[in-house]
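One file, coords_26.txt, is given below (compact mmCIF, C-alpha atoms).
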# COMPACT_ATOMS: atom_id res chain seq x y z
CA MET A 17 -46.79 -80.57 66.87
CA LYS A 18 -48.02 -83.52 64.85
CA ALA A 19 -47.44 -86.89 66.51
CA PRO A 20 -45.27 -89.28 64.52
CA THR A 21 -47.05 -92.08 62.75
CA ALA A 22 -45.91 -95.68 62.99
CA ALA A 23 -44.23 -95.39 59.59
CA THR A 24 -42.14 -92.37 60.65
CA THR A 25 -40.87 -93.70 63.98
CA PRO A 26 -37.39 -95.30 63.99
CA PHE A 27 -38.86 -98.76 64.55
CA GLY A 28 -41.46 -98.16 61.85
CA ARG A 29 -38.77 -97.13 59.38
CA ALA A 30 -36.70 -100.16 60.39
CA LEU A 31 -39.64 -102.50 59.77
CA ARG A 32 -40.26 -100.85 56.41
CA ASN A 33 -36.60 -101.42 55.52
CA VAL A 34 -36.82 -105.04 56.65
CA GLY A 35 -40.01 -105.49 54.66
CA TRP A 36 -38.32 -104.44 51.44
CA LEU A 37 -35.30 -106.65 52.18
CA LEU A 38 -37.57 -109.61 52.88
CA THR A 39 -39.29 -109.07 49.55
CA GLY A 40 -36.09 -110.06 47.82
CA LYS A 41 -35.25 -112.72 50.39
CA GLY A 42 -38.77 -114.15 50.21
CA VAL A 43 -38.21 -114.90 46.54
CA GLY A 44 -34.79 -116.25 47.43
CA ALA A 45 -36.08 -118.50 50.19
CA VAL A 46 -38.47 -120.28 47.84
CA LEU A 47 -36.00 -120.58 44.99
CA SER A 48 -33.12 -121.65 47.26
CA ILE A 49 -35.07 -124.76 48.24
CA VAL A 50 -35.49 -125.64 44.56
CA TYR A 51 -31.89 -125.08 43.48
CA LEU A 52 -30.59 -126.83 46.59
CA ALA A 53 -32.76 -129.83 45.71
CA LEU A 54 -31.46 -129.77 42.12
CA ALA A 55 -27.84 -129.70 43.33
CA THR A 56 -28.19 -132.48 45.92
CA ARG A 57 -30.11 -134.82 43.65
CA SER A 58 -28.02 -134.14 40.52
CA LEU A 59 -24.58 -134.39 42.12
CA GLY A 60 -25.24 -137.18 44.61
CA VAL A 61 -23.87 -137.34 48.14
CA GLU A 62 -20.18 -137.45 47.17
CA GLY A 63 -20.45 -134.88 44.37
CA PHE A 64 -22.47 -132.51 46.52
CA GLY A 65 -19.83 -132.94 49.22
CA GLN A 66 -17.11 -131.78 46.80
CA PHE A 67 -19.30 -128.88 45.69
CA THR A 68 -19.78 -128.03 49.36
CA LEU A 69 -16.06 -128.00 50.11
CA ILE A 70 -15.28 -125.74 47.15
CA LEU A 71 -18.14 -123.35 47.88
CA SER A 72 -17.43 -123.19 51.62
CA THR A 73 -13.72 -122.60 51.07
CA ALA A 74 -14.39 -119.74 48.65
CA GLN A 75 -17.00 -118.17 50.91
CA ALA A 76 -14.73 -118.50 53.94
CA VAL A 77 -11.95 -116.63 52.12
CA VAL A 78 -14.40 -113.95 50.96
CA ALA A 79 -15.55 -113.43 54.55
CA PHE A 80 -11.97 -113.49 55.85
CA VAL A 81 -10.77 -110.64 53.62
CA GLY A 82 -14.06 -108.69 53.51
CA PHE A 83 -14.37 -105.39 55.38
CA GLN A 84 -18.18 -105.19 55.60
CA THR A 85 -17.86 -101.80 53.93
CA TRP A 86 -21.63 -101.38 53.81
CA GLN A 87 -21.48 -100.77 57.56
CA ILE A 88 -18.70 -98.20 57.08
CA VAL A 89 -20.72 -96.36 54.43
CA VAL A 90 -23.78 -96.20 56.70
CA ARG A 91 -21.86 -95.52 59.93
CA TYR A 92 -19.81 -92.57 58.58
CA GLY A 93 -21.82 -91.60 55.54
CA MET A 94 -24.92 -90.77 57.59
CA ALA A 95 -23.24 -87.67 59.08
CA HIS A 96 -21.98 -86.50 55.66
CA ARG A 97 -25.38 -86.99 54.11
CA GLU A 98 -27.28 -85.13 56.83
CA ALA A 99 -24.70 -82.31 56.84
CA GLU A 100 -24.87 -82.12 53.01
CA ARG A 101 -21.18 -82.86 52.39
CA PRO A 102 -21.36 -84.71 49.03
CA ASP A 103 -17.61 -84.52 48.31
CA ALA A 104 -16.70 -86.07 51.67
CA LEU A 105 -19.32 -88.77 51.14
CA ALA A 106 -17.95 -89.55 47.68
CA ARG A 107 -14.43 -89.90 49.08
CA LEU A 108 -15.73 -92.24 51.77
CA ILE A 109 -17.48 -94.42 49.18
CA ARG A 110 -14.37 -94.62 46.97
CA PHE A 111 -12.29 -95.48 50.04
CA CYS A 112 -14.64 -98.34 50.88
CA LEU A 113 -14.55 -99.69 47.33
CA ALA A 114 -10.74 -99.58 47.44
CA LEU A 115 -10.85 -101.65 50.64
CA ASP A 116 -13.10 -104.19 48.92
CA LEU A 117 -10.74 -104.52 45.96
CA ALA A 118 -7.62 -104.75 48.14
CA GLY A 119 -9.26 -107.50 50.17
CA ALA A 120 -10.16 -109.37 46.98
CA ALA A 121 -6.54 -109.24 45.79
CA ILE A 122 -5.28 -110.66 49.08
CA GLY A 123 -8.03 -113.27 49.04
CA ILE A 124 -6.94 -114.64 45.66
CA GLY A 125 -3.57 -115.56 47.13
CA ILE A 126 -5.14 -117.14 50.21
CA ALA A 127 -7.59 -119.15 48.07
CA PHE A 128 -4.75 -120.50 45.93
CA VAL A 129 -2.83 -121.79 48.95
CA ALA A 130 -5.96 -123.24 50.57
CA LEU A 131 -7.02 -125.11 47.44
CA VAL A 132 -3.55 -126.54 46.83
CA LEU A 133 -3.59 -127.93 50.38
CA MET A 134 -7.08 -129.35 49.86
CA GLN A 135 -5.99 -130.94 46.58
CA ARG A 136 -3.27 -132.82 48.41
CA HIS A 137 -5.58 -133.89 51.23
CA PHE A 138 -8.52 -135.06 49.10
CA GLY A 139 -6.57 -136.17 46.03
CA TRP A 140 -8.34 -133.76 43.67
CA SER A 141 -7.27 -133.65 40.05
CA ASP A 142 -5.53 -130.59 38.63
CA THR A 143 -8.62 -129.88 36.55
CA LEU A 144 -10.94 -129.83 39.57
CA THR A 145 -8.51 -127.68 41.56
CA ASN A 146 -8.19 -125.17 38.72
CA GLU A 147 -11.98 -124.99 38.39
CA ALA A 148 -12.27 -124.41 42.14
CA PHE A 149 -9.63 -121.66 41.98
CA ALA A 150 -11.36 -119.90 39.07
CA PHE A 151 -14.64 -120.08 40.97
CA SER A 152 -12.99 -118.56 44.06
CA ILE A 153 -11.56 -115.69 42.00
CA ILE A 154 -15.00 -114.83 40.64
CA LEU A 155 -16.53 -114.80 44.13
CA LEU A 156 -13.71 -112.58 45.40
CA ILE A 157 -13.79 -109.96 42.65
CA ALA A 158 -17.60 -109.75 42.68
CA VAL A 159 -17.43 -107.04 45.37
CA ARG A 160 -20.68 -105.28 46.16
CA SER A 161 -20.65 -104.47 49.88
CA THR A 162 -19.98 -100.76 49.22
CA ALA A 163 -22.84 -100.66 46.72
CA VAL A 164 -25.11 -102.27 49.32
CA GLY A 165 -24.11 -99.53 51.77
CA ILE A 166 -24.92 -96.78 49.27
CA LEU A 167 -28.44 -98.08 48.75
CA ARG A 168 -29.04 -98.41 52.50
CA LEU A 169 -27.60 -94.99 53.24
CA PHE A 170 -30.02 -93.41 50.76
CA ASP A 171 -32.94 -95.59 51.95
CA ARG A 172 -33.17 -97.43 48.63
CA PHE A 173 -34.17 -100.67 50.32
CA ALA A 174 -36.76 -101.51 47.65
CA ILE A 175 -34.13 -101.25 44.91
CA GLY A 176 -31.71 -103.26 47.02
CA ALA A 177 -34.33 -105.97 47.39
CA GLY A 178 -34.58 -106.21 43.63
CA ALA A 179 -30.81 -106.46 43.23
CA ASP A 180 -30.60 -109.04 46.00
CA ALA A 181 -33.21 -111.20 44.30
CA VAL A 182 -30.92 -111.61 41.29
CA THR A 183 -28.79 -114.17 43.19
CA PRO A 184 -31.50 -116.81 43.83
CA ILE A 185 -33.13 -116.25 40.45
CA ALA A 186 -29.82 -116.70 38.62
CA ARG A 187 -28.89 -119.73 40.74
CA PHE A 188 -32.29 -121.28 40.11
CA LEU A 189 -32.04 -120.77 36.35
CA GLY A 190 -28.44 -121.94 36.25
CA ALA A 191 -29.10 -125.01 38.40
CA SER A 192 -32.15 -125.87 36.29
CA ILE A 193 -30.10 -125.73 33.09
CA ALA A 194 -27.28 -127.74 34.70
CA ALA A 195 -29.68 -130.44 35.90
CA TRP A 196 -31.51 -130.52 32.56
CA GLN A 197 -28.24 -130.94 30.66
CA GLY A 198 -26.98 -133.55 33.12
CA ALA A 199 -24.06 -131.29 34.05
CA ASP A 200 -21.39 -132.32 36.50
CA LEU A 201 -19.83 -130.29 39.31
CA LEU A 202 -18.48 -127.66 36.89
CA GLY A 203 -21.98 -126.86 35.64
CA PHE A 204 -23.18 -125.99 39.14
CA LEU A 205 -20.03 -123.97 39.88
CA LEU A 206 -20.70 -121.96 36.70
CA ALA A 207 -24.30 -121.37 37.79
CA TRP A 208 -23.24 -120.06 41.19
CA ALA A 209 -20.46 -117.91 39.69
CA ALA A 210 -22.80 -116.36 37.12
CA ALA A 211 -25.25 -115.50 39.90
CA GLU A 212 -22.52 -113.62 41.81
CA VAL A 213 -21.50 -111.60 38.76
CA LEU A 214 -25.07 -110.68 37.80
CA THR A 215 -25.94 -109.66 41.37
CA THR A 216 -22.85 -107.46 41.60
CA LEU A 217 -23.77 -105.73 38.33
CA ALA A 218 -27.33 -105.16 39.54
CA TYR A 219 -26.13 -103.64 42.81
CA TRP A 220 -23.59 -101.30 41.23
CA ILE A 221 -25.94 -100.11 38.49
CA SER A 222 -28.49 -99.27 41.20
CA ALA A 223 -25.90 -97.69 43.50
CA THR A 224 -24.44 -95.38 40.87
CA ARG A 225 -27.95 -94.18 40.06
CA ALA A 226 -28.64 -93.47 43.72
CA ALA A 227 -25.32 -91.61 44.13
CA PRO A 228 -24.20 -90.48 40.65
CA GLY A 229 -20.62 -89.39 40.11
CA VAL A 230 -19.19 -90.78 43.37
CA LEU A 231 -16.64 -92.98 41.55
CA ARG A 232 -15.20 -90.35 39.20
CA ARG A 233 -12.23 -88.88 41.11
CA TRP A 234 -9.79 -91.19 42.88
CA ARG A 235 -6.79 -88.95 43.64
CA ASP A 236 -8.16 -87.74 46.99
CA THR A 237 -9.59 -91.10 48.08
CA LEU A 238 -7.19 -91.59 50.99
CA ASP A 239 -8.35 -88.28 52.48
CA ALA A 240 -11.36 -90.21 53.77
CA GLY A 241 -9.11 -91.81 56.37
CA ARG A 242 -8.35 -88.38 57.83
CA GLU A 243 -11.84 -86.92 57.47
CA ASN A 244 -13.63 -89.70 59.35
CA ALA A 245 -12.28 -90.14 62.86
CA GLY A 246 -11.82 -93.77 63.81
CA LEU A 247 -12.54 -95.06 60.30
CA TRP A 248 -9.51 -97.35 60.08
CA ASN A 249 -10.24 -98.81 63.47
CA PHE A 250 -13.91 -99.36 62.59
CA ALA A 251 -12.92 -100.96 59.26
CA LEU A 252 -10.54 -103.39 60.94
CA VAL A 253 -13.01 -104.24 63.69
CA THR A 254 -15.85 -104.94 61.25
CA ASN A 255 -13.47 -107.03 59.15
CA LEU A 256 -12.51 -109.11 62.17
CA ASN A 257 -16.15 -109.36 63.25
CA SER A 258 -17.14 -110.64 59.81
CA THR A 259 -14.21 -113.03 59.75
CA LEU A 260 -15.07 -114.46 63.14
CA ASN A 261 -18.74 -114.78 62.25
CA ALA A 262 -19.12 -115.84 58.62
CA ALA A 263 -15.66 -117.24 57.88
CA SER A 264 -15.62 -119.36 61.03
CA ARG A 265 -18.98 -120.94 60.17
CA GLN A 266 -17.81 -121.77 56.66
CA PHE A 267 -14.52 -123.06 57.99
CA VAL A 268 -16.36 -125.51 60.22
CA VAL A 269 -17.85 -127.03 57.06
CA VAL A 270 -14.33 -127.44 55.67
CA LEU A 271 -13.15 -128.98 58.96
CA VAL A 272 -15.99 -131.50 58.84
CA GLY A 273 -14.81 -132.49 55.38
CA LEU A 274 -11.18 -132.72 56.46
CA PHE A 275 -12.00 -134.90 59.48
CA THR A 276 -14.85 -137.05 58.17
CA GLY A 277 -14.81 -136.83 54.36
CA ALA A 278 -16.66 -135.01 51.59
CA ALA A 279 -19.94 -136.90 52.04
CA ALA A 280 -20.20 -135.88 55.70
CA ALA A 281 -19.34 -132.32 54.73
CA GLY A 282 -22.19 -132.42 52.23
CA ASN A 283 -24.64 -133.52 54.94
CA TYR A 284 -23.41 -130.80 57.28
CA ARG A 285 -23.57 -128.21 54.53
CA LEU A 286 -27.12 -129.20 53.63
CA ALA A 287 -28.19 -128.83 57.25
CA TYR A 288 -26.23 -125.60 57.52
CA GLN A 289 -27.78 -124.24 54.33
CA LEU A 290 -31.31 -124.93 55.52
CA SER A 291 -30.60 -123.36 58.91
CA GLN A 292 -28.98 -120.34 57.24
CA ALA A 293 -32.18 -119.76 55.30
CA LEU A 294 -33.56 -118.83 58.70
CA VAL A 295 -30.50 -116.81 59.72
CA ARG A 296 -30.90 -114.74 56.55
CA LEU A 297 -34.10 -113.48 58.12
CA SER A 298 -32.08 -112.21 61.06
CA ASP A 299 -29.46 -110.75 58.73
CA MET A 300 -32.13 -108.79 56.90
CA PHE A 301 -33.49 -107.59 60.22
CA ALA A 302 -30.02 -106.41 61.28
CA ARG A 303 -29.42 -104.60 58.01
CA GLY A 304 -32.78 -102.87 58.23
CA VAL A 305 -32.33 -101.84 61.87
CA PHE A 306 -28.65 -100.78 61.66
CA PRO A 307 -29.28 -97.40 59.90
CA GLU A 308 -31.91 -96.52 62.51
CA MET A 309 -29.56 -97.48 65.35
CA THR A 310 -26.95 -95.22 63.76
CA ARG A 311 -29.44 -92.34 63.54
CA ALA A 312 -30.49 -92.87 67.17
CA GLY A 313 -26.87 -92.98 68.31
CA THR A 314 -26.02 -89.86 66.29
CA SER A 315 -29.04 -87.74 67.24
CA ARG A 316 -28.96 -88.72 70.94
CA THR A 317 -32.71 -88.26 71.23
CA ASP A 318 -33.77 -88.88 74.84
CA GLY A 319 -34.94 -92.46 75.19
CA GLY A 320 -34.93 -93.03 71.41
CA LEU A 321 -32.29 -95.72 71.52
CA ALA A 322 -33.93 -97.51 74.47
CA LEU A 323 -37.31 -97.59 72.72
CA LEU A 324 -35.86 -98.88 69.46
CA VAL A 325 -33.85 -101.60 71.24
CA ARG A 326 -36.87 -102.73 73.24
CA GLN A 327 -39.09 -102.96 70.17
CA SER A 328 -36.55 -104.65 67.91
CA SER A 329 -35.36 -107.13 70.55
CA ARG A 330 -38.92 -108.26 71.31
CA LEU A 331 -39.55 -109.00 67.65
CA ALA A 332 -36.20 -110.78 67.24
CA VAL A 333 -36.74 -112.96 70.31
CA ALA A 334 -40.24 -113.92 69.15
CA VAL A 335 -39.00 -114.93 65.69
CA GLY A 336 -36.04 -116.77 67.21
CA LEU A 337 -38.24 -118.79 69.56
CA ALA A 338 -40.52 -119.73 66.67
CA THR A 339 -37.47 -120.92 64.74
CA CYS A 340 -36.28 -123.09 67.63
CA LEU A 341 -39.68 -124.78 67.74
CA LEU A 342 -40.32 -125.19 64.01
CA VAL A 343 -36.99 -126.66 62.89
CA PRO A 344 -37.30 -129.90 64.90
CA LEU A 345 -40.90 -130.29 63.69
CA LEU A 346 -40.39 -129.57 60.01
CA GLY A 347 -36.73 -130.51 59.50
CA GLN A 348 -37.17 -134.17 58.59
CA PRO A 349 -40.02 -133.66 56.09
CA ALA A 350 -38.03 -130.78 54.56
CA LEU A 351 -34.93 -132.94 54.10
CA LEU A 352 -36.97 -135.74 52.55
CA LEU A 353 -38.71 -133.35 50.18
CA ILE A 354 -35.65 -131.38 49.16
CA ALA A 355 -32.81 -133.89 49.05
CA GLY A 356 -34.32 -137.36 49.41
CA LYS A 357 -33.69 -140.32 51.69
CA SER A 358 -29.94 -140.28 51.07
CA TYR A 359 -29.63 -137.12 53.16
CA LEU A 360 -31.89 -138.00 56.13
CA GLY A 361 -28.73 -138.55 58.17
CA ALA A 362 -28.40 -134.76 58.26
CA TYR A 363 -31.55 -134.38 60.39
CA PRO A 364 -29.91 -134.44 63.88
CA VAL A 365 -27.39 -131.82 62.73
CA LEU A 366 -30.19 -129.77 61.21
CA VAL A 367 -32.02 -129.69 64.55
CA LEU A 368 -28.89 -128.45 66.36
CA LEU A 369 -28.05 -125.88 63.70
CA GLY A 370 -31.69 -124.79 63.50
CA ILE A 371 -31.83 -124.08 67.23
CA ALA A 372 -28.50 -122.27 66.92
CA ALA A 373 -30.04 -120.23 64.09
CA GLY A 374 -32.94 -119.32 66.37
CA LEU A 375 -30.48 -118.04 68.97
CA ASP A 376 -28.64 -116.08 66.28
CA ILE A 377 -31.93 -114.46 65.26
CA MET A 378 -32.53 -113.41 68.87
CA ALA A 379 -29.00 -111.97 69.04
CA VAL A 380 -29.70 -109.72 66.06
CA GLY A 381 -32.07 -107.75 68.27
CA PHE A 382 -28.99 -106.62 70.22
CA GLU A 383 -25.87 -106.57 68.01
CA PRO A 384 -26.85 -103.54 65.85
CA VAL A 385 -27.02 -101.52 69.09
CA LEU A 386 -23.29 -101.95 69.60
CA LEU A 387 -22.34 -101.44 65.95
CA GLY A 388 -24.59 -98.43 65.44
CA THR A 389 -23.50 -96.56 68.57
CA GLY A 390 -19.74 -96.81 68.18
CA HIS A 391 -19.13 -99.97 70.25
CA ALA A 392 -17.95 -102.20 67.40
CA ALA A 393 -14.89 -103.30 69.40
CA GLN A 394 -17.12 -104.69 72.13
CA ALA A 395 -19.15 -106.60 69.54
CA LEU A 396 -15.88 -107.97 68.20
CA ARG A 397 -14.80 -109.23 71.62
CA ILE A 398 -18.14 -111.00 72.05
CA ARG A 399 -17.87 -112.54 68.59
CA ALA A 400 -14.32 -113.70 69.35
CA ALA A 401 -15.46 -115.40 72.56
CA SER A 402 -18.23 -117.27 70.73
CA VAL A 403 -15.83 -118.39 67.99
CA VAL A 404 -13.36 -119.69 70.57
CA VAL A 405 -16.17 -121.77 72.07
CA LEU A 406 -17.20 -122.93 68.58
CA PHE A 407 -13.74 -124.20 67.61
CA LEU A 408 -12.99 -125.65 71.03
CA GLY A 409 -16.24 -127.56 70.75
CA VAL A 410 -15.35 -128.80 67.25
CA VAL A 411 -11.91 -129.98 68.38
CA LEU A 412 -13.19 -131.65 71.56
CA LEU A 413 -16.49 -133.11 70.32
CA MET A 414 -15.92 -134.14 66.71
CA PRO A 415 -13.49 -137.01 67.48
CA THR A 416 -16.27 -138.67 69.52
CA PHE A 417 -19.52 -137.43 68.00
CA GLU A 418 -18.31 -136.62 64.45
CA VAL A 419 -20.76 -134.31 62.61
CA ILE A 420 -23.08 -134.09 65.63
CA GLY A 421 -20.15 -132.68 67.59
CA ALA A 422 -19.83 -129.83 65.10
CA GLY A 423 -23.55 -129.08 65.53
CA LEU A 424 -23.25 -129.05 69.32
CA ALA A 425 -20.25 -126.71 69.08
CA SER A 426 -22.21 -124.33 66.87
CA LEU A 427 -25.11 -124.33 69.32
CA ALA A 428 -22.78 -123.55 72.24
CA GLY A 429 -21.18 -120.65 70.36
CA SER A 430 -24.55 -119.15 69.44
CA ALA A 431 -25.83 -119.41 73.02
CA LEU A 432 -22.79 -117.61 74.40
CA SER A 433 -23.03 -114.87 71.76
CA LEU A 434 -26.71 -114.25 72.54
CA GLY A 435 -26.09 -113.99 76.28
CA LEU A 436 -23.17 -111.59 75.98
CA LEU A 437 -24.80 -109.37 73.33
CA ALA A 438 -28.03 -109.06 75.29
CA ARG A 439 -26.09 -108.11 78.42
CA ALA A 440 -24.00 -105.48 76.59
CA ALA A 441 -27.03 -103.96 74.81
CA MET A 442 -28.99 -103.65 78.05
CA ARG A 443 -26.08 -101.81 79.63
CA LEU A 444 -26.08 -99.30 76.77
CA VAL A 445 -29.83 -98.85 77.10
CA ARG A 446 -29.53 -98.12 80.82
CA ARG A 447 -26.77 -95.62 80.09
CA ASP A 448 -28.95 -93.97 77.42
CA ARG A 449 -31.80 -93.60 79.90
CA ALA A 450 -29.52 -92.19 82.58
CA GLY A 451 -27.91 -89.73 80.15
Could I get this structure in the form of structure tokens?
Amino acid sequence: MKAPTAATTPFGRALRNVGWLLTGKGVGAVLSIVYLALATRSLGVEGFGQFTLILSTAQAVVAFVGFQTWQIVVRYGMAHREAERPDALARLIRFCLALDLAGAAIGIGIAFVALVLMQRHFGWSDTLTNEAFAFSIILLIAVRSTAVGILRLFDRFAIGAGADAVTPIARFLGASIAAWQGADLLGFLLAWAAAEVLTTLAYWISATRAAPGVLRRWRDTLDAGRENAGLWNFALVTNLNSTLNAASRQFVVVLVGLFTGAAAAGNYRLAYQLSQALVRLSDMFARGVFPEMTRAGTSRTDGGLALLVRQSSRLAVAVGLATCLLVPLLGQPALLLIAGKSYLGAYPVLVLLGIAAGLDIMAVGFEPVLLGTGHAAQALRIRAASVVVLFLGVVLLMPTFEVIGAGLASLAGSALSLGLLARAAMRLVRRDRAG
């Protein structure tokens, strides 16, 4: 029997997947620095703060109502694909798209209420509030999570990387035009909205080519709930997990603005954005590893899961440690280069959020183990515990330390999440070895 090569092992396939994802994100990382610099310098501290509040509110609502259907497609679609059940797979995909659209409809109502409350608190004009609401609607209806899942299920990571690169390219072009024309806040909102729409189109065009005909029949869509045991539970758990993770982080930005004003929210958002450029690396790693964790959990190959966890966690910890060291060293020069002296006050928060990002990267070596082996509820409990610590920290620390308190709270939440995820993953590995 021929020995597997590095490229055909689960970890090798995972690294190949991550490599393609990073191709798109590598382009995005460079361009994001440019369009972030254009936005901060063009809008000024106060204007960028308003832009931050609108963007963070919309993204928080998107995360709150989103079901992370790409995980559902991979988690349940893998068995249908390997068993050659195309009709069942098509029903699953349509079911996931229906979840995305239902969430978007609910999100529009939530965004309206949230923005009306923010208008009253910050004294926004009707025009600005209407622009913010229109922007939120576009972000909500630009659903592509199911399309992302299709491409990952069929190992079209290279195509997905190309579609993913549309976002930073479109933002860069839009921000460049807005800055060149001396546009105000609306110009940058239009640039970000256009990027979302174009990225969604790119993903769905690619997805329908990878799985042609899956969106044709809708009458039997709800049968997917009966055909895939535990699907509703998994969908709700991943929705809650996403809400607790992404929405809570965005909501902290909004809280900073509510407590300390738009300018402080802009500083926090700038630091958060730079730190999230690093977390995107971990997100790409998780998305590349998740299908292989699912395969390992489904096939039950002796020791396969333990080997994959050991290899992926080592890489994640190494990258996370490097992040924790580099952010304090490079953060201040990066702020000066990107945003200018007006934003140097964000440096202490950037250090805290950068270290928290490093811990989040380490955690990604462990979380896909739980999600890919049917332990999503346990991952949710861990995420809930870290969010409780995050918000307790914000409430207790911000009155005294202001924005720094929010950074400390984020660091505490990330540290707890890493510790609990590592412990849970190691337990599963020991069980896999014993079984």
**Report entry** Polymer residues at most 12 Å from Ala251 in chain A, only C-alpha atoms, same-chain spacing of 5 or more positions, as a PyMOL selection string
**Finding:** chain A and resi 81-89+91-92+108+111-112+115-116+119+241+244-246+256-258+387+390+392-393+396
Requested in this report: Find the residues around Ser222 in chain A up to 8 Å (all atoms listed in the file counted), leave out those fewer than 6 positions away in its own chain, and share them as a PyMOL selection string.
Outcome: chain A and resi 167+175-176+179
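Taking all atoms listed in the file, the non-local environment of Leu406 in chain A within 6 Å (same-chain residues fewer than 5 positions away omitted) comprises Ala425, Ser426 and Gly429 of chain A.
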Requested in this report: May I have the residues within 12 Å of Leu353 in chain A as a list in words, using only C-alpha atoms and disregarding those fewer than 3 positions away in the same chain?
Outcome: Ile49, Val50, Leu52, Ala53, Leu54, Thr56, Arg57, Leu346, Gly347, Gln348, Pro349, Ala350, Gly356, Lys357, Ser358, Tyr359 and Leu360 of chain A
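The nearest approach to Arg233 in chain A among the residues A:Val419, A:Ala104, A:Leu144, A:Leu444, with all atoms listed in the file taken into account, belongs to A:Ala104.
Omitting Ala148 in chain A and its sequence neighbours fewer than 4 positions away, and counting all atoms listed in the file, the residues within 9 Å are Ile70, Leu71, Ala74, Leu131, Thr143, Leu144, Ser152, Ile153, Leu202 and Leu205 of chain A.
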**Report entry** Residues within 8 Å of (-26.4, -118.6, 40.6), counting all atoms listed in the file, listed as JSON, numbers by chain
**Finding:** {"A": [183, 184, 185, 186, 187, 188, 189, 190, 191, 206, 207, 208, 209, 210, 211, 212]}
Report task. Would you mind telling me which residue in A:Phe204, A:Phe407, A:Phe417, A:Tyr284 lies nearest to Val61 in chain A when using all atoms listed in the file? Result -> A:Tyr284
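When only C-alpha atoms are used to compute distances to Ile157 in chain A, the closest of the residues A:Ser72, A:Ser141, A:Val77, A:Leu352 turns out to be A:Val77.
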